[in-house]
file start.cif (mmCIF, C-alpha atoms)
data_entry
loop_
_atom_site.label_atom_id
_atom_site.label_comp_id
_atom_site.auth_asym_id
_atom_site.auth_seq_id
_atom_site.Cartn_x
_atom_site.Cartn_y
_atom_site.Cartn_z
CA MET A 644 24.44 20.20 7.51
CA PRO A 645 21.13 18.82 6.27
CA ASP A 646 20.61 19.71 2.62
CA LEU A 647 16.82 19.38 2.48
CA ASN A 648 14.12 21.73 3.69
CA VAL A 649 10.70 20.15 4.11
CA ASP A 650 8.99 23.38 3.03
CA GLU A 651 10.66 23.06 -0.35
CA ILE A 652 9.34 19.59 -0.90
CA PRO A 653 6.09 19.32 -2.89
CA SER A 654 2.93 18.48 -0.94
CA GLY A 655 2.55 14.74 -0.48
CA ALA A 656 6.24 14.11 -1.12
CA SER A 657 7.89 15.01 2.15
CA VAL A 658 9.81 11.77 2.42
CA PRO A 659 13.46 12.69 2.59
CA VAL A 660 15.68 10.97 0.14
CA SER A 661 19.39 10.73 0.66
CA ALA A 662 21.79 13.01 -1.15
CA ASP A 663 22.44 10.27 -3.69
CA GLY A 664 18.71 9.84 -4.38
CA VAL A 665 18.09 6.67 -2.35
CA SER A 666 14.40 6.08 -1.53
CA PRO A 667 13.19 4.25 1.56
CA GLU A 668 12.29 0.59 1.41
CA VAL A 669 8.55 0.29 2.10
CA PRO A 670 7.05 -3.23 2.22
CA ASP A 671 3.26 -3.68 2.44
CA PHE A 672 3.30 -4.19 6.23
CA ALA A 673 4.69 -0.69 6.77
CA PHE A 674 2.65 2.53 6.87
CA ASP A 675 3.22 4.33 3.59
CA PRO A 676 5.64 7.20 4.32
CA THR A 677 4.38 9.18 1.31
CA ASP A 678 1.03 9.54 3.10
CA PRO A 679 0.29 13.21 3.90
CA TRP A 680 0.13 12.35 7.61
CA THR A 681 3.92 11.94 7.48
CA GLU A 682 4.37 15.26 5.70
CA THR A 683 2.23 16.99 8.34
CA PHE A 684 4.11 15.35 11.18
CA GLN A 685 7.50 16.31 9.77
CA LYS A 686 6.50 19.94 9.32
CA GLY A 687 5.44 19.99 12.95
CA LEU A 688 8.68 18.34 14.03
CA GLU A 689 10.67 20.87 12.06
CA ARG A 690 8.92 23.70 13.94
CA ALA A 691 9.54 22.12 17.32
CA GLY A 692 13.17 23.22 17.66
CA LEU A 693 14.62 19.76 18.19
CA SER A 694 18.28 20.53 17.58
CA GLY A 695 20.42 18.80 20.18
CA LYS A 696 17.44 16.98 21.71
CA ARG A 697 17.37 13.32 22.67
CA ILE A 698 14.30 11.86 21.03
CA TYR A 699 12.34 8.59 21.27
CA GLU A 700 9.77 7.61 18.65
CA VAL A 701 6.99 5.27 19.71
CA GLY A 702 5.94 3.38 16.59
CA ILE A 703 8.97 3.80 14.41
CA GLY A 704 7.50 2.42 11.19
CA THR A 705 9.81 2.67 8.20
CA GLY A 706 12.28 4.85 10.09
CA ILE A 707 11.45 7.81 7.88
CA ASN A 708 10.97 10.17 10.84
CA VAL A 709 14.22 8.99 12.43
CA ALA A 710 16.11 9.89 9.26
CA PHE A 711 14.27 13.23 9.16
CA LEU A 712 15.05 14.04 12.80
CA LEU A 713 18.73 13.22 12.37
CA ARG A 714 19.27 14.89 8.99
CA MET A 715 16.84 17.80 9.09
CA CYS A 716 16.28 18.63 12.75
CA GLY A 717 19.75 18.05 14.18
CA ALA A 718 18.60 15.68 16.91
CA ALA A 719 21.38 14.61 19.29
CA HIS A 720 20.22 11.02 18.91
CA VAL A 721 17.03 9.11 18.26
CA SER A 722 15.77 5.91 19.84
CA GLY A 723 12.59 4.11 18.96
CA SER A 724 10.59 0.94 18.90
CA ASP A 725 7.57 -0.60 17.27
CA LEU A 726 4.88 -3.16 17.99
CA ASP A 727 5.87 -4.96 14.80
CA PRO A 728 9.46 -6.19 15.26
CA ARG A 729 10.00 -6.33 11.49
CA LEU A 730 9.71 -2.56 11.33
CA VAL A 731 12.73 -1.84 13.53
CA VAL A 732 14.88 -3.97 11.25
CA LEU A 733 13.46 -2.12 8.28
CA ALA A 734 13.99 1.24 9.98
CA GLU A 735 17.65 0.45 10.57
CA ARG A 736 18.15 -0.31 6.89
CA ASN A 737 16.30 2.84 5.82
CA VAL A 738 18.16 5.10 8.23
CA ARG A 739 21.47 3.69 6.98
CA SER A 740 20.51 4.51 3.38
CA LEU A 741 18.72 7.84 3.98
CA ALA A 742 20.97 9.34 6.64
CA PRO A 743 24.26 7.44 6.35
CA GLU A 744 26.32 10.10 8.10
CA GLU A 745 24.00 10.20 11.11
CA ALA A 746 22.98 6.52 11.23
CA ASN A 747 25.24 5.90 14.25
CA LEU A 748 22.99 8.26 16.23
CA PHE A 749 20.02 5.91 15.86
CA HIS A 750 19.59 3.53 18.80
CA PRO A 751 16.68 1.19 18.04
CA VAL A 752 14.98 -0.90 20.69
CA ARG A 753 14.53 -4.24 18.97
CA GLY A 754 11.75 -6.76 19.31
CA GLU A 755 8.02 -6.38 19.78
CA VAL A 756 7.37 -3.33 21.96
CA SER A 757 3.84 -2.26 22.81
CA LEU A 758 3.99 1.48 23.53
CA ILE A 759 7.05 1.61 25.85
CA ASP A 760 6.32 -1.58 27.76
CA THR A 761 9.78 -3.16 27.95
CA GLU A 762 12.63 -2.45 30.36
CA GLU A 763 14.93 -1.34 27.56
CA ALA A 764 12.33 1.04 26.14
CA GLN A 765 11.68 2.50 29.58
CA ALA A 766 15.39 2.94 30.23
CA ARG A 767 15.73 4.83 26.95
CA ILE A 768 12.64 6.93 27.65
CA ALA A 769 14.01 7.92 31.04
CA GLU A 770 16.92 9.69 29.35
CA THR A 771 14.89 11.32 26.61
CA ASP A 772 13.97 14.99 26.14
CA VAL A 773 11.18 14.53 23.62
CA ILE A 774 8.92 11.60 22.83
CA ILE A 775 7.14 11.56 19.48
CA ALA A 776 4.34 9.32 18.27
CA CYS A 777 1.57 8.96 15.75
CA LEU A 778 -0.72 6.23 17.05
CA PRO A 779 -4.03 4.81 15.79
CA GLN A 780 -7.19 6.61 16.95
CA VAL A 781 -9.75 4.18 15.61
CA GLY A 782 -10.81 0.99 17.36
CA ASP A 783 -10.26 -2.23 15.48
CA PRO A 784 -13.47 -2.92 13.51
CA GLY A 785 -13.15 -6.56 14.59
CA ASP A 786 -13.04 -5.76 18.32
CA ARG A 787 -15.80 -7.78 20.01
CA ARG A 788 -16.95 -5.12 22.46
CA LEU A 789 -16.79 -2.41 19.86
CA THR A 790 -18.86 -4.60 17.57
CA ALA A 791 -21.49 -4.95 20.32
CA PHE A 792 -21.56 -1.17 20.77
CA ARG A 793 -21.81 -0.70 16.99
CA LYS A 794 -24.80 -3.05 16.87
CA ALA A 795 -26.44 -1.22 19.78
CA GLN A 796 -26.29 1.96 17.67
CA SER A 797 -27.54 0.10 14.55
CA VAL A 798 -24.43 1.15 12.65
CA GLU A 799 -23.39 -1.23 9.90
CA LEU A 800 -19.74 -2.04 9.29
CA PRO A 801 -19.14 -1.05 5.66
CA GLU A 802 -18.34 -3.86 3.26
CA GLY A 803 -14.65 -4.73 3.35
CA ALA A 804 -13.96 -2.71 6.51
CA GLY A 805 -13.41 -5.87 8.55
CA GLU A 806 -10.68 -7.16 6.26
CA LYS A 807 -7.17 -6.82 7.59
CA ALA A 808 -4.65 -5.06 5.36
CA ASP A 809 -0.96 -5.80 5.86
CA ASP A 810 -0.53 -2.51 7.74
CA HIS A 811 -3.69 -2.99 9.85
CA ILE A 812 -1.99 -2.14 13.14
CA ALA A 813 -0.90 1.23 11.76
CA HIS A 814 -4.56 2.23 11.41
CA TYR A 815 -6.45 0.51 14.24
CA TYR A 816 -5.87 -0.44 17.86
CA PRO A 817 -7.42 -3.19 20.05
CA TRP A 818 -10.08 -1.00 21.57
CA ALA A 819 -11.25 -3.14 24.52
CA ALA A 820 -7.67 -3.66 25.70
CA PHE A 821 -7.39 0.05 26.46
CA ASP A 822 -10.78 0.53 28.08
CA GLU A 823 -9.32 1.44 31.47
CA TYR A 824 -8.42 4.81 29.94
CA PRO A 825 -11.32 7.30 29.98
CA PHE A 826 -10.61 8.82 26.56
CA ASN A 827 -10.93 5.38 25.00
CA SER A 828 -14.61 6.27 24.66
CA VAL A 829 -13.70 8.51 21.70
CA GLY A 830 -10.85 6.43 20.27
CA LEU A 831 -8.00 7.99 22.21
CA GLY A 832 -7.33 5.12 24.63
CA LEU A 833 -4.03 4.09 23.09
CA ASN A 834 -2.80 7.69 23.03
CA GLU A 835 -3.87 8.26 26.63
CA ALA A 836 -2.12 5.05 27.69
CA LEU A 837 1.11 6.39 26.21
CA LEU A 838 0.71 9.73 28.01
CA ARG A 839 0.25 7.94 31.35
CA ARG A 840 3.37 5.86 30.77
CA ILE A 841 5.41 8.91 29.79
CA ARG A 842 4.21 10.75 32.87
CA ASP A 843 5.48 7.85 34.98
CA GLN A 844 8.73 7.07 33.16
CA ALA A 845 9.86 10.49 31.91
CA PRO A 846 8.00 13.11 33.93
CA THR A 847 9.89 16.09 32.48
CA ALA A 848 9.86 15.02 28.83
CA GLN A 849 7.92 16.88 26.17
CA VAL A 850 5.58 14.98 23.89
CA ILE A 851 4.96 15.67 20.22
CA MET A 852 2.12 13.69 18.70
CA ASN A 853 0.39 13.63 15.35
CA PHE A 854 -3.41 13.39 15.35
CA GLY A 855 -6.23 13.04 12.91
CA CYS A 856 -8.68 15.61 14.23
CA ARG A 857 -11.88 13.88 13.11
CA ILE A 858 -13.02 13.76 16.72
CA GLY A 859 -12.35 17.49 17.10
CA THR A 860 -9.23 19.23 18.35
CA GLY A 861 -10.91 20.33 21.57
CA ILE A 862 -11.35 16.84 22.93
CA ILE A 863 -7.75 15.94 22.05
CA PHE A 864 -6.59 18.95 24.05
CA GLU A 865 -8.81 17.82 26.93
CA MET A 866 -7.03 14.46 26.93
CA PHE A 867 -3.65 16.14 27.35
CA GLU A 868 -4.92 18.43 30.10
CA ALA A 869 -6.59 15.57 31.97
CA ASN A 870 -3.24 13.78 32.01
CA GLY A 871 -1.17 16.68 33.28
CA PHE A 872 0.10 18.17 30.02
CA ARG A 873 -0.25 21.65 28.51
CA PRO A 874 -0.86 21.22 24.75
CA GLU A 875 -0.19 23.56 21.84
CA LYS A 876 -0.72 23.06 18.13
CA LEU A 877 2.54 23.17 16.16
CA HIS A 878 1.19 22.56 12.67
CA SER A 879 -2.01 21.55 10.97
CA GLN A 880 -3.16 20.73 7.48
CA ILE A 881 -6.13 19.24 5.69
CA VAL A 882 -5.53 15.78 4.25
CA ARG A 883 -7.66 13.34 2.33
CA GLN A 884 -9.34 10.67 4.43
CA ASP A 885 -7.57 7.38 3.82
CA ALA A 886 -9.85 5.34 1.58
CA GLY A 887 -8.98 2.15 3.41
CA THR A 888 -9.78 3.36 6.93
CA ASP A 889 -13.27 2.73 8.27
CA ILE A 890 -15.02 5.87 9.57
CA SER A 891 -18.08 4.10 10.95
CA PHE A 892 -16.35 4.29 14.37
CA PHE A 893 -17.06 8.03 14.37
CA VAL A 894 -20.58 7.51 13.05
CA MET A 895 -21.47 5.30 15.99
CA LEU A 896 -20.20 7.90 18.46
CA GLU A 897 -22.49 10.50 16.92
CA LYS A 898 -25.43 8.11 16.81
CA ALA A 899 -24.99 7.17 20.46
CA LEU A 900 -25.47 10.83 21.38
CA ARG A 901 -28.64 11.35 19.37
CA GLY A 902 -31.65 12.25 21.46
CA THR A 903 -29.54 12.82 24.58
CA GLY A 904 -29.29 16.61 24.46
CA LEU A 905 -25.52 16.30 24.05
CA GLU A 906 -25.49 15.90 20.26
CA LYS A 907 -23.90 19.31 19.73
CA ASP A 908 -21.21 18.66 22.32
CA LEU A 909 -19.46 16.17 20.08
CA VAL A 910 -19.74 16.37 16.31
CA CYS A 911 -16.97 14.80 14.30
CA VAL A 912 -15.21 17.00 11.76
CA PHE A 913 -14.81 15.96 8.15
CA PHE A 914 -14.80 18.14 5.07
CA ALA A 915 -16.17 17.73 1.55
CA ASP A 916 -13.31 19.75 0.09
CA GLU A 917 -9.61 20.19 0.63
CA ASP A 918 -10.07 23.87 1.48
CA ALA A 919 -12.11 22.82 4.52
CA ALA A 920 -14.92 25.14 3.45
CA SER A 921 -17.67 22.52 3.65
CA PRO A 922 -17.69 20.71 7.00
CA LEU A 923 -19.43 17.38 7.38
CA SER A 924 -20.32 15.33 10.41
CA ALA A 925 -19.22 11.69 10.39
CA SER A 926 -22.81 10.65 9.65
CA GLU A 927 -22.97 13.00 6.66
CA ALA A 928 -19.57 11.80 5.47
CA GLN A 929 -20.64 8.16 5.77
CA ASP A 930 -23.84 8.89 3.80
CA LEU A 931 -21.71 10.23 0.96
CA LEU A 932 -19.49 7.16 1.07
CA ASP A 933 -22.50 4.86 1.08
CA ARG A 934 -23.71 6.52 -2.10
CA ASP A 935 -20.28 6.51 -3.72
CA PRO A 936 -17.35 4.79 -1.97
CA ASP A 937 -14.94 6.89 -4.04
CA THR A 938 -16.23 10.19 -2.66
CA PRO A 939 -13.22 12.25 -1.59
CA LEU A 940 -13.38 13.25 2.05
CA PHE A 941 -10.95 15.35 4.01
CA HIS A 942 -10.04 16.02 7.62
CA GLU A 943 -7.52 17.95 9.65
CA VAL A 944 -4.28 16.37 10.81
CA CYS A 945 -2.41 18.32 13.44
CA VAL A 946 0.82 18.08 15.35
CA ILE A 947 0.51 18.81 19.05
CA ARG A 948 3.36 19.53 21.43
CA ALA A 949 2.55 18.95 25.08
CA VAL A 950 4.66 20.00 28.02
CA PRO A 951 4.16 18.42 31.44
CA VAL A 952 2.49 20.96 33.71
CA ALA A 953 4.48 19.84 36.73
CA ALA A 954 7.85 20.19 34.99
CA MET B 109 -16.67 5.34 50.04
CA ASP B 110 -15.23 2.07 48.75
CA VAL B 111 -15.61 1.94 45.00
CA THR B 112 -14.86 -1.26 43.14
CA ASN B 113 -15.10 -2.01 39.44
CA ALA B 114 -16.06 1.59 38.81
CA ILE B 115 -15.85 3.14 35.37
CA ASP B 116 -13.39 6.02 35.46
CA CYS B 117 -14.65 9.08 33.61
CA ASN B 118 -12.38 11.62 35.29
CA GLY B 119 -11.20 14.29 32.87
CA LEU B 120 -14.03 13.68 30.42
CA SER B 121 -16.58 16.32 29.52
CA ALA B 122 -20.27 15.42 29.32
CA ALA B 123 -20.46 13.89 25.82
CA PRO B 124 -17.50 11.49 26.10
CA THR B 125 -18.67 10.59 29.61
CA LEU B 126 -22.06 9.60 28.25
CA LEU B 127 -20.40 7.59 25.47
CA ARG B 128 -18.24 5.78 28.01
CA ILE B 129 -21.25 4.90 30.11
CA LYS B 130 -23.21 3.63 27.13
CA GLN B 131 -20.22 1.59 25.98
CA ALA B 132 -19.83 0.09 29.45
CA LEU B 133 -23.50 -0.84 29.65
CA VAL B 134 -23.46 -2.81 26.41
CA GLY B 135 -23.65 -6.49 27.21
CA LEU B 136 -23.80 -6.03 30.99
CA VAL B 137 -26.15 -8.40 32.80
CA ASP B 138 -28.70 -7.02 35.26
CA HIS B 139 -26.99 -8.33 38.39
CA ALA B 140 -23.91 -6.23 37.55
CA LEU B 141 -25.99 -3.08 37.90
CA PRO B 142 -25.99 -0.38 38.99
CA LEU B 143 -22.69 0.46 37.42
CA GLU B 144 -20.55 2.87 39.41
CA ILE B 145 -19.27 5.83 37.41
CA LEU B 146 -16.48 8.04 38.71
CA VAL B 147 -16.97 11.56 37.42
CA ASP B 148 -15.21 14.88 37.95
CA GLU B 149 -16.24 16.98 40.91
CA GLY B 150 -17.34 19.65 38.45
CA CYS B 151 -19.52 17.27 36.46
CA ASP B 152 -23.12 18.44 36.04
CA GLN B 153 -24.65 15.21 37.31
CA GLU B 154 -28.22 16.34 36.72
CA ARG B 155 -27.54 17.09 33.06
CA LEU B 156 -25.73 13.82 32.66
CA ARG B 157 -28.56 11.89 34.29
CA ARG B 158 -31.09 13.58 32.00
CA SER B 159 -28.95 12.64 29.01
CA LEU B 160 -28.80 9.04 30.16
CA GLY B 161 -32.58 8.77 29.86
CA ARG B 162 -33.73 5.17 30.42
CA HIS B 163 -30.16 4.19 31.33
CA GLY B 164 -30.21 6.56 34.31
CA GLY B 165 -31.29 3.87 36.72
CA ALA B 166 -28.49 1.57 35.64
CA VAL B 167 -25.70 3.78 36.94
CA ARG B 168 -24.58 5.42 40.15
CA LEU B 169 -22.61 8.62 39.63
CA ILE B 170 -19.81 9.17 42.13
CA SER B 171 -17.49 12.13 42.42
CA ARG B 172 -14.74 12.64 44.91
CA PRO B 173 -12.06 15.29 45.34
CA GLN B 174 -8.99 14.71 43.19
#
call {"tool": "encode", "arguments": {"input": "start.cif", "output": "structure tokens"}}
result
Amino acid sequence: MPDLNVDEIPSGASVPVSADGVSPEVPDFAFDPTDPWTETFQKGLERAGLSGKRIYEVGIGTGINVAFLLRMCGAAHVSGSDLDPRLVVLAERNVRSLAPEEANLFHPVRGEVSLIDTEEAQARIAETDVIIACLPQVGDPGDRRLTAFRKAQSVELPEGAGEKADDHIAHYYPWAAFDEYPFNSVGLGLNEALLRRIRDQAPTAQVIMNFGCRIGTGIIFEMFEANGFRPEKLHSQIVRQDAGTDISFFVMLEKALRGTGLEKDLVCVFFADEDAASPLSASEAQDLLDRDPDTPLFHEVCVIRAVPVAA
Amino acid sequence: MDVTNAIDCNGLSAAPTLLRIKQALVGLVDHALPLEILVDEGCDQERLRRSLGRHGGAVRLISRPQ
């Protein structure tokens, strides 16, 4: 039986460690598993009732969620893949150290896998009950078309925002490459692309995804509904905006709506405090950052479960 | 109606539809206009056209049953 309960773990420290105290290996190119996004996601996963389920994680990262699903949630088995092939190798090592008794239930899909775009990934997905993912929702600041749109709105890219950190692909996605998907207009193109693929490859599977709700929860729900899923929120918490992630993407969305009569239809949601008592638009949040780059900002992260309507 | 190279806005409410249109128009040359925009049957085309302002003439809104 798993011997850890995520509710007993202090905030910001949800990373499971093995019974003998082993911590995960986390090189710079991997998304930091101590980030509160991971804690939020795992609390949502814990509430999803995943015992005995066959699960696939798109974007496996350090493997921390795989270990969590196997040790804490009683998953029947977990498969997964990542765009960065180094991460699957890392995940295998971490799962072996964090969940040694369940490590044989982890079936990684090796190599570079964009979303689920390989035959092996699709074969795995086809025999999966639940697909989980936490994908970037911000277009790459260096994207050429996004840059043109930014300039059209007279929004400056903050100093340093164009520099690529080692874990760049965990935070941003190539925006123009996903422009065939309608919700790309608000930064959800990569997520919508995954939903379409799941609908085709595993039409009865549930989806559990982790979202930053800076664009507003309503529009995220609309994306699920437009793609044939019925969404529900499993868990939500307020987290600090990652200091290294550019928010000018959201500012340009707001600016593009100014003077159109639709300004109130889409206002991004940040907070000045961790109690979420003082909401800020993206423009207001950016103003604060421009005055002091160390200004703490907060936003909601939520875990959404979506069931296919046709299933 | 045969629609080619249309921008798909199905499923989007008014604000993200307008954003998608504005994003699509950036960098487009005049001979590529008007841009065809596929919108939901329930889309309030008049409101959307008003919101488009000076861009209104650059697009052709098209809806068809899903």
call {"tool": "interface_residues", "arguments": {"input": "start.cif", "of": "chain A", "to": "chain B", "cutoff": "6 Å", "atoms": "all atoms listed in the file", "output": "list in words"}}
result
Pro825, Ser828, Ala869, Thr903, Leu905 and Asp908 of chain A
call {"tool": "residues_around", "arguments": {"input": "start.cif", "residues": "Arg168 in chain B", "least_positions_apart": "3", "cutoff": "8 Å", "atoms": "all atoms listed in the file", "output": "PyMOL selection string"}}
result
chain B and resi 142-145+165
call {"tool": "residues_around", "arguments": {"input": "start.cif", "residues": "range 735-751 of chain A", "least_positions_apart": "2", "cutoff": "6 Å", "atoms": "all atoms listed in the file", "output": "JSON, numbers by chain"}}
result
{"A": [660, 661, 667, 710, 720, 721, 722, 723, 732, 733, 753]}
call {"tool": "resolve_selection", "arguments": {"input": "start.cif", "expression": "the PyMOL selection byres ((chain A and resi 837-854) around 6)", "output": "mmCIF file with C-alpha atoms, keeping the file's coordinate frame"}}
result
data_model
loop_
_atom_site.group_PDB
_atom_site.id
_atom_site.type_symbol
_atom_site.label_atom_id
_atom_site.label_comp_id
_atom_site.auth_asym_id
_atom_site.auth_seq_id
_atom_site.Cartn_x
_atom_site.Cartn_y
_atom_site.Cartn_z
ATOM 1 C CA PHE A 684 4.110 15.350 11.180
ATOM 2 C CA ALA A 769 14.010 7.920 31.040
ATOM 3 C CA ASP A 772 13.970 14.990 26.140
ATOM 4 C CA VAL A 773 11.180 14.530 23.620
ATOM 5 C CA ILE A 774 8.920 11.600 22.830
ATOM 6 C CA ILE A 775 7.140 11.560 19.480
ATOM 7 C CA ALA A 776 4.340 9.320 18.270
ATOM 8 C CA CYS A 777 1.570 8.960 15.750
ATOM 9 C CA ASN A 834 -2.800 7.690 23.030
ATOM 10 C CA GLU A 835 -3.870 8.260 26.630
ATOM 11 C CA ALA A 836 -2.120 5.050 27.690
ATOM 12 C CA GLY A 855 -6.230 13.040 12.910
ATOM 13 C CA CYS A 856 -8.680 15.610 14.230
ATOM 14 C CA VAL A 944 -4.280 16.370 10.810
ATOM 15 C CA CYS A 945 -2.410 18.320 13.440
ATOM 16 C CA VAL A 946 0.820 18.080 15.350
ATOM 17 C CA ILE A 947 0.510 18.810 19.050
ATOM 18 C CA ARG A 948 3.360 19.530 21.430
ATOM 19 C CA ALA A 949 2.550 18.950 25.080
ATOM 20 C CA VAL A 950 4.660 20.000 28.020
ATOM 21 C CA ALA A 954 7.850 20.190 34.990
#
call {"tool": "resolve_selection", "arguments": {"input": "start.cif", "expression": "the PyMOL selection byres ((chain A and resi 887-902) around 6)", "output": "PDB file with C-alpha atoms, keeping the file's coordinate frame"}}
result
ATOM      1  CA  ALA A 804     -13.960  -2.710   6.510  1.00  0.00           C
ATOM      2  CA  ASP A 885      -7.570   7.380   3.820  1.00  0.00           C
ATOM      3  CA  ALA A 886      -9.850   5.340   1.580  1.00  0.00           C
ATOM      4  CA  THR A 903     -29.540  12.820  24.580  1.00  0.00           C
ATOM      5  CA  GLY A 904     -29.290  16.610  24.460  1.00  0.00           C
ATOM      6  CA  GLU A 906     -25.490  15.900  20.260  1.00  0.00           C
ATOM      7  CA  ALA A 925     -19.220  11.690  10.390  1.00  0.00           C
ATOM      8  CA  SER A 926     -22.810  10.650   9.650  1.00  0.00           C
TER       9      SER A 926
END
call {"tool": "resolve_selection", "arguments": {"input": "start.cif", "expression": "the PyMOL selection byres ((chain A and resi 821) around 12)", "output": "PyMOL selection string"}}
result
chain A and resi 758+780-783+786+788-789+816-820+822-837
call {"tool": "closest_residue", "arguments": {"input": "start.cif", "among": "A:Val731, A:Leu693, A:Ile707, A:Met866", "to": "Ala719 in chain A", "atoms": "all atoms listed in the file"}}
result
A:Leu693
call {"tool": "residues_around", "arguments": {"input": "start.cif", "residues": "Gly687 in chain A", "least_positions_apart": "3", "cutoff": "7 Å", "atoms": "all atoms listed in the file", "output": "VMD selection string"}}
result
chain A and resid 683 to 684 690 to 691 877 to 878 946
call {"tool": "atom_distance", "arguments": {"input": "start.cif", "atom1": "CA of Thr681 in chain A", "atom2": "CA of Ala718 in chain A"}}
result
17.8 Å
call {"tool": "atom_distance", "arguments": {"input": "start.cif", "atom1": "CA of Tyr815 in chain A", "atom2": "CA of Phe674 in chain A"}}
result
11.9 Å
call {"tool": "atom_distance", "arguments": {"input": "start.cif", "atom1": "CA of Leu940 in chain A", "atom2": "CA of Val882 in chain A"}}
result
8.5 Å
